[in-house]
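Peer 1: Sending over target-v4.txt (compact mmCIF, C-alpha atoms).
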```txt
# COMPACT_ATOMS: atom_id res chain seq x y z
CA MET A 1246 0.00 0.00 0.00
CA ASN A 1247 1.58 3.29 -1.05
CA LYS A 1248 1.63 6.47 1.00
CA ASP A 1249 -1.41 8.04 -0.68
CA ALA A 1250 -3.51 4.91 -0.21
CA ARG A 1251 -2.50 4.74 3.44
CA LYS A 1252 -3.41 8.36 3.95
CA ARG A 1253 -6.77 7.84 2.23
CA LEU A 1254 -7.53 4.81 4.39
CA GLY A 1255 -6.58 6.83 7.47
CA GLN A 1256 -8.93 9.61 6.43
CA ILE A 1257 -11.81 7.16 5.87
CA LEU A 1258 -11.24 5.52 9.25
CA LEU A 1259 -11.14 8.94 10.86
CA ILE A 1260 -14.47 9.88 9.28
CA VAL A 1261 -16.05 6.61 10.46
CA GLY A 1262 -14.64 7.06 13.98
CA ARG A 1263 -15.73 10.69 14.04
CA ILE A 1264 -19.31 9.79 13.06
CA ALA A 1265 -19.43 6.97 15.65
CA LEU A 1266 -18.14 9.31 18.36
CA ALA A 1267 -20.58 12.05 17.34
CA SER A 1268 -23.44 9.52 17.44
CA ILE A 1269 -22.64 8.55 21.03
CA PHE A 1270 -22.87 12.16 22.20
CA ILE A 1271 -25.94 12.99 20.13
CA ILE A 1272 -27.80 9.87 21.34
CA ALA A 1273 -26.78 10.53 24.97
CA GLY A 1274 -27.80 14.19 24.77
CA TYR A 1275 -31.07 13.44 22.98
CA ALA A 1276 -32.03 10.80 25.54
CA LYS A 1277 -31.74 13.44 28.25
CA VAL A 1278 -33.70 16.22 26.56
CA LYS A 1279 -36.46 14.15 24.96
CA PRO A 1280 -39.84 14.43 26.71
CA LEU A 1281 -40.63 11.91 29.42
CA PRO A 1282 -43.21 9.20 28.64
CA GLY A 1283 -46.66 10.67 28.01
CA MET A 1284 -45.43 14.21 27.30
CA ALA A 1285 -45.35 16.07 24.00
CA TRP A 1286 -42.39 18.10 22.72
CA SER A 1287 -42.42 21.57 24.25
CA LEU A 1288 -40.04 23.84 26.14
CA ALA A 1289 -41.80 22.86 29.37
CA SER A 1290 -41.41 19.13 28.70
CA ILE A 1291 -37.71 19.58 27.82
CA LYS A 1292 -37.25 21.48 31.08
CA THR A 1293 -38.90 18.61 32.95
CA SER A 1294 -36.58 16.10 31.26
CA LEU A 1295 -33.54 18.20 32.14
CA LEU A 1296 -34.72 18.35 35.76
CA MET A 1297 -35.08 14.56 35.72
CA PHE A 1298 -31.45 14.36 34.62
CA ALA A 1299 -30.47 16.92 37.27
CA ILE A 1300 -31.93 14.49 39.84
CA GLN A 1301 -29.59 11.79 38.50
CA VAL A 1302 -26.60 14.15 38.65
CA ASP A 1303 -27.57 15.07 42.21
CA SER A 1304 -27.76 11.41 43.23
CA TYR A 1305 -23.98 11.15 42.62
CA GLN A 1306 -23.64 13.33 45.78
CA MET A 1307 -20.51 15.00 44.44
CA LEU A 1308 -21.82 18.54 44.05
CA PRO A 1309 -24.01 20.92 46.02
CA PRO A 1310 -27.65 20.86 44.80
CA TRP A 1311 -27.47 24.14 42.88
CA THR A 1312 -24.35 23.00 40.98
CA ALA A 1313 -25.86 19.58 40.28
CA ASN A 1314 -28.96 21.35 39.01
CA ALA A 1315 -26.93 23.62 36.70
CA LEU A 1316 -24.83 20.70 35.44
CA GLY A 1317 -27.98 18.65 34.87
CA HIS A 1318 -29.29 21.39 32.60
CA LEU A 1319 -26.02 22.12 30.78
CA LEU A 1320 -24.52 18.67 30.26
CA PRO A 1321 -27.16 17.32 27.81
CA LEU A 1322 -26.92 20.53 25.75
CA PHE A 1323 -23.12 20.25 25.82
CA GLU A 1324 -23.35 16.63 24.64
CA LEU A 1325 -25.61 17.61 21.73
CA PHE A 1326 -23.33 20.53 20.80
CA LEU A 1327 -20.20 18.35 20.98
CA GLY A 1328 -21.87 15.61 18.92
CA LEU A 1329 -22.82 18.06 16.18
CA TRP A 1330 -19.36 19.67 16.31
CA LEU A 1331 -17.71 16.26 15.88
CA LEU A 1332 -20.06 15.52 13.01
CA THR A 1333 -19.00 18.64 11.10
CA GLY A 1334 -15.33 17.72 11.44
CA ILE A 1335 -14.40 21.36 12.03
CA ALA A 1336 -11.36 21.66 14.30
CA LEU A 1337 -11.60 17.92 14.93
CA ARG A 1338 -8.42 17.89 17.01
CA TYR A 1339 -10.10 20.06 19.65
CA SER A 1340 -13.59 18.51 19.55
CA SER A 1341 -12.18 14.97 19.85
CA LEU A 1342 -9.84 16.05 22.64
CA ILE A 1343 -12.81 17.52 24.53
CA ALA A 1344 -14.74 14.28 23.92
CA THR A 1345 -11.83 12.28 25.37
CA LEU A 1346 -11.67 14.50 28.43
CA ALA A 1347 -15.46 14.24 28.81
CA PHE A 1348 -15.28 10.43 28.88
CA CYS A 1349 -12.50 10.63 31.46
CA GLY A 1350 -14.74 12.88 33.56
CA PHE A 1351 -17.75 10.54 33.22
CA MET A 1352 -15.63 7.54 34.19
CA ALA A 1353 -14.18 9.34 37.19
CA ALA A 1354 -17.69 10.21 38.40
CA ILE A 1355 -18.94 6.63 37.95
CA ALA A 1356 -15.85 5.19 39.66
CA SER A 1357 -16.24 7.64 42.54
CA ALA A 1358 -19.93 6.75 43.05
CA TYR A 1359 -19.16 3.03 42.88
CA HIS A 1360 -16.26 3.43 45.30
CA ARG A 1361 -18.54 5.22 47.79
CA GLY A 1362 -21.02 2.33 47.57
CA LEU A 1363 -23.78 4.33 45.91
CA ALA A 1364 -26.34 2.19 44.12
CA ILE A 1365 -27.66 4.73 41.62
CA ASP A 1366 -28.49 4.99 37.94
CA CYS A 1367 -25.46 6.14 35.98
CA GLY A 1368 -27.61 8.55 33.95
CA CYS A 1369 -25.50 7.72 30.93
CA GLY A 1370 -28.40 8.07 28.51
CA ILE A 1371 -27.21 5.23 26.29
CA GLY A 1372 -29.38 2.14 26.29
CA PRO A 1373 -31.54 1.02 29.22
CA LEU A 1374 -31.16 2.33 32.77
CA GLU A 1375 -27.88 1.16 34.19
CA GLN A 1376 -26.43 1.28 37.67
CA VAL A 1377 -22.99 2.70 38.35
CA GLY A 1378 -20.51 -0.12 38.53
CA PRO A 1379 -18.11 -2.29 36.55
CA ALA A 1380 -20.44 -2.69 33.53
CA ALA A 1381 -20.68 1.07 32.96
CA LEU A 1382 -16.95 1.51 33.55
CA ILE A 1383 -16.04 -1.30 31.16
CA ARG A 1384 -18.32 0.11 28.48
CA ASP A 1385 -16.82 3.59 28.78
CA GLY A 1386 -13.28 2.38 29.36
CA LEU A 1387 -13.06 -0.30 26.69
CA LYS A 1388 -15.32 1.12 23.99
CA PHE A 1389 -16.01 4.83 24.17
CA LEU A 1390 -12.75 6.13 25.61
CA PRO A 1391 -10.52 4.17 23.15
CA LEU A 1392 -12.70 5.39 20.29
CA ALA A 1393 -12.36 9.01 21.42
CA LEU A 1394 -8.61 8.55 21.90
CA ALA A 1395 -8.23 6.97 18.45
CA VAL A 1396 -10.11 9.84 16.80
CA THR A 1397 -8.04 12.40 18.72
CA ILE A 1398 -4.73 10.76 17.77
CA GLY A 1399 -5.94 10.37 14.18
CA ALA A 1400 -7.01 14.00 13.98
CA PHE A 1401 -3.63 15.20 15.24
CA TRP A 1402 -1.85 12.75 12.89
CA ILE A 1403 -3.72 13.93 9.80
CA HIS A 1404 -3.14 17.58 10.67
CA ARG A 1405 0.52 17.17 11.54
CA LYS A 1406 2.95 19.52 9.78
CA PRO A 1407 5.25 17.78 7.27
CA ARG A 1408 8.89 17.76 8.32
CA ALA A 1409 11.53 19.13 5.96
CA ALA A 1410 13.27 15.73 5.80
CA SER A 1411 10.10 14.09 4.55
CA LEU A 1412 10.14 15.84 1.17
CA PRO A 1413 12.66 13.81 -0.86
CA GLU A 1414 10.51 13.83 -4.04
CA ALA A 1415 11.02 17.56 -4.52
CA THR A 1416 14.80 17.31 -4.59
CA PRO A 1417 15.42 15.62 -8.00
CA SER A 1418 13.00 17.86 -9.91
CA THR A 1419 14.54 20.89 -8.28
CA GLN A 1420 17.98 19.67 -9.27
CA HIS A 1421 16.74 18.97 -12.82
CA ALA A 1422 15.34 22.47 -13.17
CA GLU A 1423 18.65 23.86 -12.14
CA MET B 234 -44.38 9.05 44.28
CA GLU B 235 -43.75 5.50 45.38
CA VAL B 236 -40.64 4.87 47.47
CA PHE B 237 -39.16 1.42 48.09
CA THR B 238 -37.03 1.53 51.20
CA ASP B 239 -35.24 -0.54 53.79
CA TYR B 240 -35.24 0.90 57.32
CA GLN B 241 -31.69 -0.25 57.94
CA CYS B 242 -30.19 1.24 54.76
CA PRO B 243 -28.16 4.44 55.33
CA SER B 244 -29.15 5.98 51.98
CA CYS B 245 -32.84 5.41 52.83
CA ARG B 246 -32.25 7.27 56.07
CA SER B 247 -30.60 10.15 54.19
CA LEU B 248 -33.47 10.27 51.69
CA PHE B 249 -35.98 10.38 54.53
CA GLU B 250 -34.16 12.98 56.61
CA GLN B 251 -33.08 15.30 53.79
CA THR B 252 -35.87 14.92 51.27
CA LEU B 253 -38.99 13.05 52.33
CA ARG B 254 -39.38 14.83 55.66
CA PRO B 255 -39.55 18.36 54.13
CA MET B 256 -41.54 16.97 51.22
CA ILE B 257 -44.15 15.44 53.55
CA ALA B 258 -44.38 18.68 55.52
CA ASP B 259 -44.84 20.76 52.37
CA TYR B 260 -46.03 19.03 49.20
CA VAL B 261 -47.69 15.96 50.73
CA ALA B 262 -49.46 17.99 53.42
CA SER B 263 -50.76 20.42 50.80
CA GLY B 264 -51.95 17.60 48.54
CA LYS B 265 -49.57 18.34 45.67
CA VAL B 266 -47.87 14.98 45.93
CA TYR B 267 -49.26 11.62 47.00
CA LEU B 268 -46.53 9.60 48.66
CA MET B 269 -46.66 5.82 48.97
CA HIS B 270 -44.24 3.88 51.11
CA HIS B 271 -43.25 0.35 50.09
CA ASP B 272 -41.12 -1.99 52.15
CA PHE B 273 -38.17 -3.59 50.45
CA PRO B 274 -36.08 -5.07 53.29
CA LEU B 275 -32.76 -6.29 51.92
CA SER B 276 -31.48 -9.74 52.81
CA GLY B 277 -28.09 -8.35 53.89
CA HIS B 278 -29.63 -6.32 56.72
CA MET B 279 -30.23 -8.28 59.89
CA TYR B 280 -33.05 -6.21 61.38
CA SER B 281 -34.71 -4.53 58.40
CA GLY B 282 -37.44 -7.15 58.09
CA GLN B 283 -38.24 -6.78 61.77
CA ALA B 284 -38.32 -3.00 61.44
CA ALA B 285 -40.72 -3.33 58.50
CA ARG B 286 -43.01 -5.43 60.69
CA TRP B 287 -43.05 -2.77 63.39
CA ALA B 288 -43.80 -0.08 60.80
CA ASN B 289 -46.64 -2.09 59.31
CA ALA B 290 -48.05 -2.83 62.75
CA ALA B 291 -47.92 0.89 63.53
CA ALA B 292 -49.69 1.67 60.27
CA ARG B 293 -52.57 -0.57 61.36
CA VAL B 294 -53.15 1.66 64.41
CA GLY B 295 -52.54 4.96 62.58
CA GLU B 296 -49.03 5.58 63.91
CA PHE B 297 -46.97 4.97 60.79
CA PRO B 298 -45.49 8.51 60.42
CA ALA B 299 -44.25 8.56 64.02
CA VAL B 300 -42.74 5.09 63.75
CA GLU B 301 -41.12 5.74 60.38
CA ALA B 302 -39.44 8.84 61.82
CA ALA B 303 -38.40 6.98 64.98
CA LEU B 304 -36.86 4.14 62.96
CA TYR B 305 -34.80 6.45 60.77
CA ASP B 306 -33.86 8.87 63.54
CA ASN B 307 -32.49 6.02 65.65
CA GLN B 308 -31.21 3.76 62.89
CA GLY B 309 -27.64 3.89 64.16
CA ALA B 310 -28.75 2.69 67.59
CA TRP B 311 -31.17 -0.19 66.90
CA GLU B 312 -29.18 -1.64 64.01
CA THR B 313 -26.43 -2.60 66.45
CA ASP B 314 -28.54 -4.62 68.91
CA GLY B 315 -31.94 -5.04 67.21
CA ASN B 316 -33.78 -3.38 70.11
CA ILE B 317 -36.36 -1.68 67.91
CA ALA B 318 -39.17 -1.76 70.47
CA LYS B 319 -37.33 0.73 72.67
CA TYR B 320 -37.61 3.47 70.04
CA ILE B 321 -41.11 2.53 68.88
CA SER B 322 -42.42 2.79 72.44
CA ALA B 323 -40.91 6.26 72.79
CA ALA B 324 -42.70 7.45 69.66
CA MET B 325 -46.28 6.87 70.84
CA SER B 326 -48.54 6.50 73.85
CA ALA B 327 -48.31 3.38 76.03
CA VAL B 328 -51.76 2.25 74.91
CA ASP B 329 -50.92 2.53 71.23
CA PHE B 330 -47.60 0.83 71.77
CA LYS B 331 -49.31 -2.13 73.40
CA ARG B 332 -51.53 -2.53 70.34
CA VAL B 333 -48.60 -2.19 67.95
CA GLU B 334 -46.53 -4.65 69.97
CA THR B 335 -49.33 -7.22 69.99
CA LEU B 336 -49.56 -7.02 66.20
CA ALA B 337 -45.79 -7.13 65.66
CA MET B 338 -45.37 -10.12 67.97
CA SER B 339 -48.13 -12.07 66.21
CA CYS B 340 -45.49 -13.15 63.67
CA ASP B 341 -43.66 -15.94 65.50
CA TYR B 342 -40.97 -16.73 62.94
CA PRO B 343 -37.95 -14.83 61.54
CA ALA B 344 -38.78 -11.70 59.57
CA ILE B 345 -38.86 -11.89 55.79
CA THR B 346 -36.66 -9.96 53.38
CA SER B 347 -36.36 -9.60 49.62
CA ARG B 348 -34.45 -12.33 47.83
CA LEU B 349 -31.68 -11.99 45.30
CA ASP B 350 -33.32 -14.55 43.00
CA GLY B 351 -36.55 -12.52 42.96
CA SER B 352 -38.62 -15.30 44.50
CA ASP B 353 -41.61 -14.92 46.80
CA PRO B 354 -40.34 -14.58 50.39
CA LEU B 355 -43.51 -16.31 51.64
CA ALA B 356 -43.30 -19.23 49.21
CA GLN B 357 -42.24 -21.74 51.88
CA MET B 358 -44.63 -20.49 54.57
CA ALA B 359 -47.87 -22.32 55.28
CA HIS B 360 -49.42 -19.67 57.52
CA PRO B 361 -47.71 -16.30 57.17
CA CYS B 362 -48.86 -13.55 59.50
CA ALA B 363 -50.88 -10.64 58.12
CA LEU B 364 -48.07 -8.10 58.47
CA ASP B 365 -45.71 -10.23 56.39
CA ARG B 366 -48.30 -10.52 53.65
CA TYR B 367 -48.22 -6.73 53.26
CA ILE B 368 -44.43 -6.71 53.26
CA ALA B 369 -44.30 -9.57 50.73
CA GLN B 370 -46.72 -7.69 48.46
CA ASP B 371 -44.40 -4.68 48.51
CA ILE B 372 -41.39 -6.87 47.78
CA GLN B 373 -43.17 -8.50 44.84
CA MET B 374 -44.10 -5.04 43.56
CA GLY B 375 -40.46 -4.04 43.88
CA TYR B 376 -39.34 -7.01 41.83
CA HIS B 377 -41.50 -5.77 38.96
CA ILE B 378 -40.11 -2.17 38.97
CA PRO B 379 -37.36 -3.61 39.21
CA VAL B 380 -35.83 -2.43 42.47
CA GLN B 381 -32.10 -3.16 42.29
CA ALA B 382 -31.12 -1.09 45.32
CA THR B 383 -32.72 0.97 48.04
CA PRO B 384 -34.01 3.60 48.05
CA THR B 385 -35.74 3.37 44.68
CA TYR B 386 -38.53 5.76 43.76
CA VAL B 387 -41.06 5.81 40.97
CA ILE B 388 -43.06 8.90 40.05
CA THR B 389 -46.38 8.58 38.26
CA HIS B 390 -47.79 11.67 36.58
CA ASN B 391 -51.11 11.82 34.71
CA GLY B 392 -51.30 8.04 34.82
CA GLN B 393 -47.89 7.69 33.21
CA ARG B 394 -45.17 5.97 35.20
CA LEU B 395 -41.82 7.72 34.75
CA PRO B 396 -38.51 5.82 34.76
CA ALA B 397 -37.50 4.69 38.24
CA GLY B 398 -34.71 6.47 40.06
CA SER B 399 -32.54 5.34 42.92
CA GLY B 400 -30.34 6.90 45.56
CA VAL B 401 -30.62 10.14 47.46
CA VAL B 402 -31.95 13.26 45.76
CA SER B 403 -31.98 16.74 47.29
CA TRP B 404 -35.35 18.22 48.13
CA PRO B 405 -34.74 21.55 46.27
CA ILE B 406 -34.16 19.69 42.99
CA LEU B 407 -37.00 17.22 43.52
CA LYS B 408 -39.27 20.13 44.39
CA GLN B 409 -38.40 21.87 41.11
CA PHE B 410 -39.13 18.62 39.29
CA PHE B 411 -42.55 18.34 40.94
CA ASP B 412 -43.30 22.00 40.14
CA SER B 413 -42.36 21.34 36.54
CA LEU B 414 -44.67 18.30 36.38
CA LEU B 415 -47.52 20.11 38.10
CA SER B 416 -47.27 23.07 35.70
CA GLN B 417 -47.99 20.82 32.70
```
Would you mind writing the file's structure down as structure tokens?

Peer 2:
Amino acid sequence: MNKDARKRLGQILLIVGRIALASIFIIAGYAKVKPLPGMAWSLASIKTSLLMFAIQVDSYQMLPPWTANALGHLLPLFELFLGLWLLTGIALRYSSLIATLAFCGFMAAIASAYHRGLAIDCGCGIGPLEQVGPAALIRDGLKFLPLALAVTIGAFWIHRKPRAASLPEATPSTQHAE
Amino acid sequence: MEVFTDYQCPSCRSLFEQTLRPMIADYVASGKVYLMHHDFPLSGHMYSGQAARWANAAARVGEFPAVEAALYDNQGAWETDGNIAKYISAAMSAVDFKRVETLAMSCDYPAITSRLDGSDPLAQMAHPCALDRYIAQDIQMGYHIPVQATPTYVITHNGQRLPAGSGVVSWPILKQFFDSLLSQ
């Protein structure tokens, strides 16, 4: 496989990884803002859903109630924003780095709650309700975090600046012109 | 709001002290929220089944709120020696306590608890006492939620059951959630 083919394959893999990563955040954010069962879409129903998520954030017992409330309202919107940002591919190095840090933060919160013996819903928003514990940590640690890391490394790799020593092709033609 | 609790669980105590107590005084008293208590004594707690019996006996004579508060307020004391009666007797008149005690002592076998395999805790019993039938009904209800830990709460609004939650939640946030539901 020549250099161009390798680069093309890398770009395709990066697009696939980027879309997968974006999907995780969009699905997680959507699950938190969508109206609760029996409610229609409206600003009031979205507010109720965000409050429901704020209750889950509060149950981690890591933050004072007003901070948990604010985080419960902001985090789903942040997840949707980050998912859409990743999808566009604009400044992918930064969006994927933020996604990686976000997963680290989520895992730290889950590990902390598990360590303190709390038996609470993780509030992850992906799939059915899930308690904090090894299953949630394994999912984030073995699937989502490696994906985010791979996209981040790939984004930095693609955007790396070429070194002067890596331009041997230009030398002969330059010599010929002379 | 239906709450599945275990009187010996520390998180249930926190939920009661920090959240349910102000909620009962405010939103339950004013009729905004209807609160239902369900027993879900965990098998790992030595005296929780016994405490549930006392609470159910007290409910039969109209003393449930006082006994619930007494059980949680003194959880750290009775969970060490199982002397629950001492704190129940202090929470009501001598006459009422006698009635409650008679009911609680009518069950002459070890108290029941929930089971990890989700089976009926009264399955092997030929003649369970009345109090344990109530507790077993709550446990069976909990299995269907499903209750995986205590406390677990389920909120039903306009006939629609919302996803169950578990753990301790602060009253200011829960209050905002109720206000949001009630405004719709």

Peer 1: May I ask you to extract the residues of chain B within 6 Å of chain A, using all atoms listed in the file, and to give them as a PyMOL selection string?

Peer 2: chain B and resi 382+399-402+410+413

Peer 1: So which one's closest to Pro384 in chain B, B:Leu355, B:Ala327, B:Ile345, B:Ala397? Using all atoms listed in the file, please.

Peer 2: B:Ala397

Peer 1: May I have the residues within 10 Å of Asp412 in chain B as a ChimeraX atom specification, using all atoms listed in the file and disregarding those fewer than 4 positions away in the same chain?

Peer 2: /A:1293 /B:260,265,406-408,416-417

Peer 1: Rounded to one decimal in Å, what is the spacing between CA of Met358 in chain B and CA of Gln381 in chain B?

Peer 2: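 Rounded to one decimal, the two atoms are 24.7 Å apart.
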
Peer 1: Restricting the calculation to all atoms listed in the file: of A:Lys1277, A:Arg1263, A:Arg1384, A:Arg1361, which residue gets closest to Thr1397 in chain A?

Peer 2: A:Arg1263

Peer 1: Rank B:Arg286, B:Arg254, B:Arg394, B:His278 by their smallest atom-to-atom distance to Ser339 in chain B, using all atoms listed in the file, and report the top residue only.

Peer 2: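 Nearest candidate to Ser339 in chain B out of B:Arg286, B:Arg254, B:Arg394, B:His278: B:Arg286.
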
Peer 1: From the set A:Leu1387, A:Ala1356, A:Ala1393, A:Ile1257, which residue has the shortest atom-to-atom contact distance to Leu1331 in chain A, counting only C-alpha atoms?

Peer 2: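 Nearest candidate to Leu1331 in chain A out of A:Leu1387, A:Ala1356, A:Ala1393, A:Ile1257: A:Ala1393.
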
Peer 1: For CA of Phe1323 in chain A and CA of Phe1348 in chain A, quote the distance in Å rounded to one decimal.

Peer 2: 12.9 Å

Peer 1: Report as a ChimeraX atom specification all protein, DNA and RNA residues lying within 9 Å of Glu235 in chain B, evaluated on only C-alpha atoms, omitting residues in the same chain fewer than 6 positions from it.

Peer 2: /B:267-271,385-389

Peer 1: Could you check which of B:Ile378, B:Leu275, B:Ala290, B:Ala262 is closest to Leu336 in chain B, using all atoms listed in the file?

Peer 2: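 Closest candidate: B:Ala290.
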